[in-house]
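Enquirer: For reference, this is query38.txt, and it has compact mmCIF, C-alpha atoms.
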# COMPACT_ATOMS: atom_id res chain seq x y z
CA MET A 1 10.67 15.68 197.07
CA THR A 2 6.93 15.48 196.70
CA SER A 3 5.51 13.40 193.91
CA GLN A 4 4.00 16.58 192.44
CA ARG A 5 7.42 18.18 192.09
CA LEU A 6 8.83 15.03 190.56
CA LEU A 7 6.04 15.06 188.01
CA VAL A 8 6.74 18.69 187.10
CA LEU A 9 10.44 17.96 186.73
CA ALA A 10 9.74 14.99 184.54
CA VAL A 11 7.48 17.04 182.29
CA VAL A 12 10.06 19.80 182.01
CA ALA A 13 12.79 17.31 181.18
CA LEU A 14 10.61 15.69 178.56
CA LEU A 15 9.71 19.01 176.99
CA GLY A 16 13.35 20.04 177.05
CA SER A 17 14.43 16.96 175.19
CA ILE A 18 11.68 17.45 172.61
CA VAL A 19 12.78 21.05 172.02
CA HIS A 20 16.37 19.94 171.59
CA ALA A 21 15.37 17.32 169.09
CA PHE A 22 13.59 19.84 166.89
CA ALA A 23 15.95 22.82 167.39
CA PRO A 24 19.50 21.51 167.50
CA MET A 25 22.27 23.76 168.72
CA ARG A 26 23.63 26.07 166.00
CA PRO A 27 27.01 25.04 164.75
CA PRO A 28 29.85 27.47 165.41
CA VAL A 29 29.40 30.39 163.04
CA GLY A 30 32.77 29.95 161.37
CA LEU A 31 32.05 26.41 160.31
CA ALA A 32 28.56 27.29 159.13
CA LYS A 33 29.91 30.04 156.94
CA ILE A 34 32.50 27.72 155.45
CA SER A 35 29.93 25.10 154.56
CA SER A 36 27.43 27.56 153.06
CA GLN A 37 30.12 29.36 151.13
CA ALA A 38 31.86 26.23 149.91
CA SER A 39 29.06 25.52 147.49
CA SER A 40 29.07 28.98 145.90
CA LEU A 41 32.74 29.93 145.99
CA PRO A 42 35.85 28.38 144.51
CA THR A 43 37.47 25.71 146.59
CA ALA A 44 40.33 28.09 147.28
CA ILE A 45 38.68 28.87 150.62
CA SER A 46 40.28 26.56 153.09
CA MET A 47 39.65 26.03 156.77
CA ALA A 48 42.58 28.35 157.44
CA ASP A 49 40.52 31.26 156.13
CA ALA A 50 37.79 30.69 158.70
CA ASP A 51 39.24 33.31 161.02
CA PHE A 52 39.10 36.04 158.40
CA LEU A 53 35.53 35.22 157.51
CA ASP A 54 34.51 35.82 161.09
CA GLY A 55 35.63 39.44 160.88
CA SER A 56 33.91 42.69 160.09
CA ASP A 57 31.50 41.37 157.44
CA ASP A 58 29.98 38.98 159.90
CA ALA A 59 29.58 41.71 162.53
CA GLN A 60 27.83 44.01 160.06
CA GLY A 61 25.48 41.20 159.08
CA ARG A 62 24.69 40.35 162.69
CA ILE A 63 24.09 43.98 163.57
CA LYS A 64 21.79 44.43 160.59
CA ALA A 65 19.82 41.37 161.62
CA MET A 66 19.48 42.64 165.19
CA VAL A 67 18.34 46.07 164.01
CA GLU A 68 15.72 44.46 161.79
CA ASN A 69 14.49 41.95 164.34
CA HIS A 70 14.06 44.13 167.40
CA PRO A 71 11.65 47.09 167.40
CA VAL A 72 13.60 48.70 170.24
CA LEU A 73 17.31 47.89 170.34
CA LEU A 74 20.00 49.40 172.54
CA PHE A 75 23.71 48.84 172.04
CA MET A 76 25.27 49.58 175.41
CA LYS A 77 28.14 48.91 177.79
CA GLY A 78 27.10 46.30 180.29
CA ASN A 79 23.52 45.12 180.48
CA LYS A 80 20.16 46.45 181.64
CA LEU A 81 20.70 45.29 185.19
CA PHE A 82 24.33 46.31 185.43
CA PRO A 83 25.24 49.13 183.07
CA GLN A 84 28.98 49.74 183.03
CA CYS A 85 28.85 53.32 181.87
CA GLY A 86 26.95 56.36 183.10
CA PHE A 87 25.72 57.26 179.60
CA SER A 88 24.53 53.70 178.97
CA ASN A 89 22.79 53.77 182.32
CA THR A 90 20.94 56.94 181.35
CA ALA A 91 19.74 55.22 178.17
CA VAL A 92 18.55 52.21 180.17
CA GLN A 93 16.68 54.34 182.71
CA ILE A 94 14.89 56.23 179.95
CA LEU A 95 13.82 53.04 178.17
CA ASN A 96 12.80 51.42 181.46
CA SER A 97 10.52 54.35 182.15
CA PHE A 98 8.37 53.38 179.15
CA GLY A 99 7.77 49.93 180.61
CA ILE A 100 8.31 48.17 177.30
CA GLU A 101 10.22 45.08 176.28
CA TYR A 102 13.46 46.07 174.64
CA HIS A 103 16.58 44.25 173.56
CA SER A 104 19.98 45.35 174.79
CA VAL A 105 23.34 44.25 173.44
CA ASP A 106 26.46 44.43 175.60
CA VAL A 107 29.19 45.63 173.25
CA LEU A 108 31.80 44.88 175.90
CA ALA A 109 31.11 41.18 175.43
CA ASP A 110 32.02 41.28 171.73
CA GLU A 111 34.78 43.46 170.33
CA GLY A 112 33.56 42.78 166.80
CA ILE A 113 30.16 44.21 167.65
CA ARG A 114 31.67 47.08 169.61
CA GLN A 115 33.65 48.35 166.64
CA GLY A 116 31.11 47.06 164.11
CA VAL A 117 28.24 49.08 165.49
CA LYS A 118 30.31 52.28 165.28
CA ASP A 119 30.91 51.55 161.60
CA PHE A 120 27.33 50.43 160.96
CA SER A 121 25.79 53.56 162.49
CA GLN A 122 28.66 55.86 161.49
CA TRP A 123 28.56 56.98 165.10
CA PRO A 124 31.63 57.07 167.34
CA THR A 125 30.23 56.39 170.79
CA ILE A 126 28.11 53.97 172.83
CA PRO A 127 25.21 53.80 173.75
CA GLN A 128 23.26 53.66 170.48
CA LEU A 129 19.50 53.33 170.20
CA TYR A 130 17.56 51.90 167.27
CA VAL A 131 13.76 52.10 167.11
CA CYS A 132 11.93 50.28 164.29
CA GLY A 133 15.16 49.93 162.38
CA GLU A 134 15.97 53.63 162.56
CA PHE A 135 19.06 54.98 164.30
CA ILE A 136 17.98 57.45 166.97
CA GLY A 137 21.24 58.49 168.59
CA GLY A 138 23.07 58.35 171.89
CA SER A 139 22.10 59.30 175.40
CA ASP A 140 22.14 63.08 174.82
CA ILE A 141 19.67 62.75 171.98
CA MET A 142 17.56 60.29 173.96
CA ILE A 143 17.30 62.80 176.79
CA GLU A 144 16.34 65.61 174.42
CA MET A 145 13.73 63.50 172.63
CA TYR A 146 12.41 62.12 175.91
CA GLN A 147 11.89 65.61 177.24
CA ASN A 148 10.14 66.91 174.13
CA GLY A 149 7.94 63.83 173.79
CA GLU A 150 9.33 62.65 170.46
CA LEU A 151 10.86 59.49 171.92
CA GLY A 152 7.57 58.57 173.55
CA GLU A 153 5.83 58.84 170.17
CA MET A 154 8.40 56.59 168.54
CA ILE A 155 8.09 54.04 171.32
CA GLU A 156 4.32 53.99 170.86
CA LYS A 157 4.81 53.17 167.18
CA ALA A 158 7.33 50.48 168.09
CA LYS A 159 4.84 48.92 170.50
CA ALA A 160 2.65 48.14 167.49
CA ASP A 161 5.51 45.98 166.17
CA MET A 162 5.76 44.09 169.42
CA ILE A 163 3.19 41.35 169.45
CA MET B 1 29.46 95.07 172.24
CA LEU B 2 26.02 93.49 172.48
CA ARG B 3 27.41 90.12 171.53
CA LEU B 4 30.07 90.34 174.20
CA ALA B 5 27.49 91.24 176.79
CA PHE B 6 25.35 88.33 175.68
CA GLN B 7 28.28 85.97 176.00
CA GLN B 8 29.26 87.28 179.37
CA ALA B 9 25.73 86.74 180.56
CA VAL B 10 25.98 83.05 179.91
CA SER B 11 27.46 80.55 182.27
CA ILE B 12 27.52 76.84 181.78
CA ARG B 13 27.37 75.47 185.27
CA ARG B 14 24.71 73.85 187.35
CA THR B 15 24.94 76.63 189.93
CA PRO B 16 25.11 80.35 189.25
CA ILE B 17 28.53 81.88 189.67
CA SER B 18 29.68 85.43 190.24
CA HIS B 19 30.19 87.80 187.36
CA ARG B 20 33.92 87.97 187.94
CA GLN B 21 34.22 84.17 187.77
CA LEU B 22 31.94 84.23 184.74
CA SER B 23 34.26 86.48 182.80
CA HIS B 24 37.30 84.50 183.79
CA ARG B 25 35.75 81.20 182.87
CA LEU B 26 34.39 82.41 179.58
CA SER B 27 37.63 84.08 178.58
CA THR B 28 39.48 80.89 179.36
CA SER B 29 37.22 78.85 177.16
CA MET B 30 36.90 81.36 174.34
CA SER B 31 40.63 82.05 174.00
CA THR B 32 43.01 79.58 172.47
CA THR B 33 44.10 77.02 174.97
CA GLU B 34 47.86 77.35 174.83
CA ASP B 35 48.44 75.09 177.79
CA SER B 36 50.47 72.25 176.36
CA ASN B 37 49.20 70.00 179.14
CA PHE B 38 45.82 69.82 177.44
CA PRO B 39 46.44 69.34 173.72
CA VAL B 40 43.24 67.40 173.13
CA GLN B 41 41.11 70.19 174.60
CA ALA B 42 42.95 72.70 172.44
CA ALA B 43 42.40 70.61 169.33
CA ILE B 44 38.70 70.21 170.09
CA GLU B 45 38.24 73.93 170.59
CA GLN B 46 40.10 74.74 167.41
CA ASN B 47 38.21 72.23 165.29
CA LEU B 48 34.82 73.33 166.60
CA ARG B 49 35.62 76.97 166.13
CA GLN B 50 36.75 76.31 162.57
CA ALA B 51 33.74 74.22 161.70
CA PHE B 52 30.99 76.28 163.30
CA GLN B 53 32.18 79.85 163.91
CA PRO B 54 30.16 79.55 167.12
CA LEU B 55 28.36 82.35 168.86
CA HIS B 56 29.23 80.52 172.03
CA LEU B 57 31.52 77.60 172.65
CA GLN B 58 32.35 75.74 175.81
CA VAL B 59 34.55 72.68 175.91
CA MET B 60 34.61 70.95 179.26
CA ASN B 61 36.99 68.17 180.17
CA GLU B 62 34.93 65.83 182.34
CA SER B 63 37.60 63.16 182.65
CA HIS B 64 38.12 63.93 186.34
CA ARG B 65 34.59 62.63 186.95
CA HIS B 66 35.52 59.25 185.58
CA ASN B 67 37.70 56.33 186.54
CA VAL B 68 40.77 57.49 184.61
CA PRO B 69 44.14 58.89 185.75
CA LYS B 70 44.45 62.55 186.74
CA GLY B 71 45.15 64.80 183.80
CA SER B 72 43.36 62.53 181.33
CA GLU B 73 41.64 63.98 178.32
CA THR B 74 39.18 61.21 177.58
CA HIS B 75 35.69 62.46 178.48
CA PHE B 76 34.38 65.80 177.20
CA LYS B 77 31.19 67.81 177.10
CA VAL B 78 30.89 70.45 174.38
CA VAL B 79 28.36 73.24 174.10
CA VAL B 80 28.15 74.72 170.60
CA VAL B 81 25.83 77.58 169.78
CA SER B 82 25.98 78.27 166.07
CA ASP B 83 23.97 79.46 163.14
CA ALA B 84 25.24 76.39 161.28
CA PHE B 85 22.53 74.41 163.07
CA THR B 86 19.67 76.60 161.91
CA ALA B 87 19.21 74.72 158.65
CA VAL B 88 19.67 71.37 160.37
CA LYS B 89 16.65 70.40 162.41
CA SER B 90 17.34 66.81 163.32
CA PRO B 91 19.38 66.26 166.51
CA VAL B 92 21.13 63.28 164.94
CA ALA B 93 22.22 65.36 161.96
CA ARG B 94 23.52 68.11 164.22
CA HIS B 95 25.47 65.67 166.34
CA ARG B 96 26.91 64.11 163.19
CA MET B 97 28.24 67.53 162.21
CA VAL B 98 29.99 67.82 165.56
CA ASN B 99 31.26 64.24 165.32
CA ALA B 100 32.67 65.00 161.89
CA ALA B 101 34.49 68.09 163.15
CA LEU B 102 36.03 66.03 165.94
CA ALA B 103 36.58 62.83 163.95
CA GLU B 104 40.30 62.73 164.63
CA GLN B 105 39.92 63.16 168.37
CA LEU B 106 37.14 60.58 168.49
CA LYS B 107 39.27 58.03 166.68
CA GLY B 108 42.04 58.83 169.12
CA PRO B 109 42.00 59.79 172.77
CA VAL B 110 38.37 60.86 173.23
CA HIS B 111 36.39 58.01 174.75
CA ALA B 112 33.15 59.84 175.46
CA LEU B 113 31.61 62.99 174.05
CA SER B 114 28.51 64.71 175.37
CA ILE B 115 27.10 67.25 172.95
CA VAL B 116 24.82 70.23 173.43
CA CYS B 117 24.21 72.01 170.13
CA LYS B 118 21.80 74.89 169.76
CA THR B 119 20.97 77.61 167.29
CA PRO B 120 21.35 81.17 168.58
CA ALA B 121 17.56 81.41 168.77
CA GLN B 122 17.28 78.24 170.86
CA TRP B 123 20.08 79.47 173.12
CA GLN B 124 18.33 82.77 173.65
CA ALA B 125 15.12 80.92 174.44
CA MET B 126 16.95 78.90 177.08
CA LEU B 127 18.33 82.10 178.56
CA ASP B 128 14.89 83.66 178.64
CA GLU B 129 13.30 80.55 180.11
CA GLN B 130 15.83 80.35 182.88
CA GLY B 131 15.34 83.96 183.85
CA GLY B 132 18.44 85.32 182.15
CA GLY B 133 21.90 85.47 183.62
CA ASP B 134 22.88 81.87 183.83
CA VAL B 135 22.14 78.84 181.68
CA MET B 136 21.92 75.52 183.43
CA ILE B 137 23.27 72.67 181.39
CA ALA B 138 22.55 69.27 182.82
CA ALA B 139 25.64 67.56 184.16
CA SER B 140 26.74 64.36 182.51
CA PRO B 141 25.76 61.17 184.34
CA ALA B 142 27.98 59.77 187.06
CA CYS B 143 30.63 57.29 186.06
CA ALA B 144 29.58 53.68 186.47
CA GLY B 145 33.12 52.41 186.94
CA GLY B 146 34.23 52.06 183.35
CA ASP B 147 34.53 49.25 180.86
CA GLY B 148 38.17 48.41 181.51
CA SER B 149 39.51 49.75 178.23
CA LEU B 150 41.22 52.80 179.75
CA PRO B 151 43.87 52.96 182.48
CA LYS B 152 42.22 53.41 185.87
CA ARG B 153 42.59 56.37 188.19
CA ASN B 154 44.78 54.55 190.68
CA GLU B 155 46.98 52.89 188.12
CA GLY B 156 49.96 54.30 186.26
In structure tokens, write the structure found in this file.

Expert:
Amino acid sequence: MTSQRLLVLAVVALLGSIVHAFAPMRPPVGLAKISSQASSLPTAISMADADFLDGSDDAQGRIKAMVENHPVLLFMKGNKLFPQCGFSNTAVQILNSFGIEYHSVDVLADEGIRQGVKDFSQWPTIPQLYVCGEFIGGSDIMIEMYQNGELGEMIEKAKADMI
Amino acid sequence: MLRLAFQQAVSIRRTPISHRQLSHRLSTSMSTTEDSNFPVQAAIEQNLRQAFQPLHLQVMNESHRHNVPKGSETHFKVVVVSDAFTAVKSPVARHRMVNAALAEQLKGPVHALSIVCKTPAQWQAMLDEQGGGDVMIAASPACAGGDGSLPKRNEG
């Protein structure tokens, strides 16, 4: 290896260790919930209840956070590079055509999210698109709104939220 | 009489088909599906008819285009033309009405549902735009293999 490469590697390693020092890995969600809840709830909650606490409430909370944090958010099957469903692929292709950064969530990787997002949106199928916190619909609606220009307008507004 | 003629003039395929096939296809979809091999299709048609009193209704089982066993009733496309949508402008709201009518099927066997819902005026505009005779409805996208939650075509 050249000395230049070694220097780059050393810098990267140093930076990496600094980042880890200031941003430690999150504890497993279950344990975090137990510790934060222990102070406000009766001590009747034991470690055995951890499994139940990681159920639907947690999924709804996580989904809400995602919807609020990402101006353009797509719940889909598979991911942007490898959609695992024709309808999800249609949604991806439409969003790709705008050339924007958008966040996609693979519901197949998390059964809690998969069912949770159907409850959260009160919508029975995947994919599901959120723009600026608003539920837009599935692939049929995306196609319709893409064709009549409405989706483009919404994406423009969302771009303002993306710094 | 006029309404019947209007209905007969409409075909929901990507390619135009002959008038004789048109009538056959439309009569199949407009009449009650008594074929006990396709109970889900029958239930969908009944629920949509009850909820929307549609001017035109087409329920298409698209399961054969997906990675599921032959005879499955898991993937559907529905075309609903109804005055019920006139007061409802938003596409999401319209789709929610259809979802509500088919809630039982969606909780059960129906894995995917593609919806086309139009008011009679919109439908007529589509007919006019496409030169009358046949209405082209875009086909649903090709299957991307599936997510593994349903039995596959070559299994079972």

Enquirer: Using only C-alpha atoms, which residues of chain B come within 7 Å of chain A, and what is the closest atom pair for each, with the distance in Å to one decimal? Give it as a Markdown table, sorted by chain and residue number.

Expert:
| residue | atom | partner | partner_atom | distance |
| --- | --- | --- | --- | --- |
| B:Pro91 | CA | A:Ile141 | CA | 6.5 |
| B:Val92 | CA | A:Gly137 | CA | 6.0 |
| B:Leu106 | CA | A:Pro124 | CA | 6.6 |
| B:Ala112 | CA | A:Thr125 | CA | 6.5 |
| B:Ser114 | CA | A:Asp140 | CA | 6.6 |
| B:Ile115 | CA | A:Asp140 | CA | 6.7 |
| B:Pro141 | CA | A:Gly86 | CA | 5.1 |
| B:Ala142 | CA | A:Gly86 | CA | 5.3 |
| B:Cys143 | CA | A:Gly86 | CA | 4.8 |
| B:Ala144 | CA | A:Cys85 | CA | 4.7 |
| B:Gly145 | CA | A:Gln84 | CA | 6.3 |
| B:Gly146 | CA | A:Cys85 | CA | 5.7 |
| B:Asp147 | CA | A:Gln84 | CA | 6.0 |

Enquirer: For CA of Gly108 (chain B) and CA of Arg65 (chain B), determine how far apart the two atoms are, in Å to one decimal place.

Expert: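 Separating CA of Gly108 (chain B) from CA of Arg65 (chain B) is a distance of 19.7 Å.
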
Enquirer: Enter the distance from CA of Val79 (chain B) to CA of Cys117 (chain B), in Å, rounded to one decimal.

Expert: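 Taking CA of Val79 (chain B) as the start and CA of Cys117 (chain B) as the end point, the length is 5.9 Å.
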
Enquirer: Between CA of His75 (chain B) and CA of Ser90 (chain B), measure the distance and give it in Å to one decimal.

Expert: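 Going from CA of His75 (chain B) over to CA of Ser90 (chain B), I get 24.2 Å.
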
Enquirer: Pick out the residues sitting within 10 Å of Glu73 (chain B), and hand them over as a PDB file with C-alpha atoms, in the coordinates of the input; count only C-alpha atoms, and ignore anything fewer than 6 positions along from it in its own chain.

Expert:
ATOM      1  CA  ASN B  37      49.200  70.000 179.140  1.00  0.00           C
ATOM      2  CA  PHE B  38      45.820  69.820 177.440  1.00  0.00           C
ATOM      3  CA  PRO B  39      46.440  69.340 173.720  1.00  0.00           C
ATOM      4  CA  VAL B  40      43.240  67.400 173.130  1.00  0.00           C
ATOM      5  CA  GLN B  41      41.110  70.190 174.600  1.00  0.00           C
ATOM      6  CA  MET B  60      34.610  70.950 179.260  1.00  0.00           C
ATOM      7  CA  ASN B  61      36.990  68.170 180.170  1.00  0.00           C
ATOM      8  CA  GLU B  62      34.930  65.830 182.340  1.00  0.00           C
ATOM      9  CA  SER B  63      37.600  63.160 182.650  1.00  0.00           C
ATOM     10  CA  HIS B  64      38.120  63.930 186.340  1.00  0.00           C
ATOM     11  CA  PRO B 109      42.000  59.790 172.770  1.00  0.00           C
ATOM     12  CA  VAL B 110      38.370  60.860 173.230  1.00  0.00           C
ATOM     13  CA  HIS B 111      36.390  58.010 174.750  1.00  0.00           C
ATOM     14  CA  ALA B 112      33.150  59.840 175.460  1.00  0.00           C
TER      15      ALA B 112
END

Enquirer: Starting from the incomplete input, reconstruct all heavy atoms of region 56-67 of chain A and report them as an mmCIF file, in the frame of the given file.

Expert:
data_model
loop_
_atom_site.group_PDB
_atom_site.id
_atom_site.type_symbol
_atom_site.label_atom_id
_atom_site.label_comp_id
_atom_site.auth_asym_id
_atom_site.auth_seq_id
_atom_site.Cartn_x
_atom_site.Cartn_y
_atom_site.Cartn_z
ATOM 1 N N SER A 56 34.845 41.566 160.092
ATOM 2 C CA SER A 56 33.910 42.690 160.090
ATOM 3 C C SER A 56 32.631 42.381 159.314
ATOM 4 O O SER A 56 31.573 42.843 159.696
ATOM 5 C CB SER A 56 34.592 43.909 159.511
ATOM 6 O OG SER A 56 35.101 43.589 158.237
ATOM 7 N N ASP A 57 32.721 41.630 158.220
ATOM 8 C CA ASP A 57 31.500 41.370 157.440
ATOM 9 C C ASP A 57 30.467 40.686 158.290
ATOM 10 O O ASP A 57 29.290 41.000 158.229
ATOM 11 C CB ASP A 57 31.831 40.486 156.228
ATOM 12 C CG ASP A 57 32.661 41.245 155.216
ATOM 13 O OD1 ASP A 57 32.590 42.482 155.229
ATOM 14 O OD2 ASP A 57 33.374 40.611 154.441
ATOM 15 N N ASP A 58 30.899 39.727 159.063
ATOM 16 C CA ASP A 58 29.980 38.980 159.900
ATOM 17 C C ASP A 58 29.320 39.908 160.914
ATOM 18 O O ASP A 58 28.110 39.835 161.139
ATOM 19 C CB ASP A 58 30.740 37.851 160.613
ATOM 20 C CG ASP A 58 29.833 37.105 161.544
ATOM 21 O OD1 ASP A 58 28.753 36.668 161.111
ATOM 22 O OD2 ASP A 58 30.193 36.971 162.724
ATOM 23 N N ALA A 59 30.126 40.807 161.529
ATOM 24 C CA ALA A 59 29.580 41.710 162.530
ATOM 25 C C ALA A 59 28.516 42.610 161.897
ATOM 26 O O ALA A 59 27.442 42.814 162.470
ATOM 27 C CB ALA A 59 30.691 42.559 163.160
ATOM 28 N N GLN A 60 28.795 43.125 160.707
ATOM 29 C CA GLN A 60 27.830 44.010 160.060
ATOM 30 C C GLN A 60 26.519 43.262 159.787
ATOM 31 O O GLN A 60 25.425 43.789 159.985
ATOM 32 C CB GLN A 60 28.391 44.533 158.730
ATOM 33 C CG GLN A 60 29.604 45.458 158.870
ATOM 34 C CD GLN A 60 29.283 46.722 159.647
ATOM 35 O OE1 GLN A 60 28.446 47.517 159.271
ATOM 36 N NE2 GLN A 60 29.943 46.899 160.792
ATOM 37 N N GLY A 61 26.653 42.022 159.348
ATOM 38 C CA GLY A 61 25.480 41.200 159.080
ATOM 39 C C GLY A 61 24.671 40.951 160.338
ATOM 40 O O GLY A 61 23.432 41.045 160.350
ATOM 41 N N ARG A 62 25.378 40.629 161.417
ATOM 42 C CA ARG A 62 24.690 40.350 162.690
ATOM 43 C C ARG A 62 23.997 41.594 163.206
ATOM 44 O O ARG A 62 22.870 41.541 163.711
ATOM 45 C CB ARG A 62 25.687 39.833 163.721
ATOM 46 C CG ARG A 62 26.048 38.364 163.514
ATOM 47 C CD ARG A 62 26.832 37.811 164.696
ATOM 48 N NE ARG A 62 28.180 38.292 164.762
ATOM 49 C CZ ARG A 62 28.848 38.493 165.898
ATOM 50 N NH1 ARG A 62 28.262 38.288 167.059
ATOM 51 N NH2 ARG A 62 30.095 38.921 165.864
ATOM 52 N N ILE A 63 24.688 42.735 163.090
ATOM 53 C CA ILE A 63 24.090 43.980 163.570
ATOM 54 C C ILE A 63 22.839 44.308 162.757
ATOM 55 O O ILE A 63 21.795 44.661 163.302
ATOM 56 C CB ILE A 63 25.111 45.141 163.478
ATOM 57 C CG1 ILE A 63 26.241 44.904 164.476
ATOM 58 C CG2 ILE A 63 24.449 46.485 163.736
ATOM 59 C CD1 ILE A 63 27.455 45.780 164.245
ATOM 60 N N LYS A 64 22.948 44.140 161.461
ATOM 61 C CA LYS A 64 21.790 44.430 160.590
ATOM 62 C C LYS A 64 20.614 43.564 160.986
ATOM 63 O O LYS A 64 19.474 44.035 161.069
ATOM 64 C CB LYS A 64 22.201 44.168 159.132
ATOM 65 C CG LYS A 64 21.161 44.540 158.097
ATOM 66 C CD LYS A 64 21.805 44.620 156.693
ATOM 67 C CE LYS A 64 20.831 45.171 155.689
ATOM 68 N NZ LYS A 64 19.778 44.194 155.327
ATOM 69 N N ALA A 65 20.898 42.285 161.247
ATOM 70 C CA ALA A 65 19.820 41.370 161.620
ATOM 71 C C ALA A 65 19.183 41.808 162.939
ATOM 72 O O ALA A 65 17.952 41.800 163.087
ATOM 73 C CB ALA A 65 20.370 39.953 161.753
ATOM 74 N N MET A 66 20.007 42.209 163.900
ATOM 75 C CA MET A 66 19.480 42.640 165.190
ATOM 76 C C MET A 66 18.605 43.882 165.027
ATOM 77 O O MET A 66 17.511 43.978 165.596
ATOM 78 C CB MET A 66 20.627 42.945 166.160
ATOM 79 C CG MET A 66 21.304 41.703 166.710
ATOM 80 S SD MET A 66 22.435 42.090 168.065
ATOM 81 C CE MET A 66 23.972 42.283 167.187
ATOM 82 N N VAL A 67 19.088 44.823 164.221
ATOM 83 C CA VAL A 67 18.340 46.070 164.010
ATOM 84 C C VAL A 67 16.990 45.772 163.379
ATOM 85 O O VAL A 67 15.975 46.404 163.697
ATOM 86 C CB VAL A 67 19.178 47.036 163.136
ATOM 87 C CG1 VAL A 67 18.335 48.172 162.609
ATOM 88 C CG2 VAL A 67 20.349 47.586 163.926
#
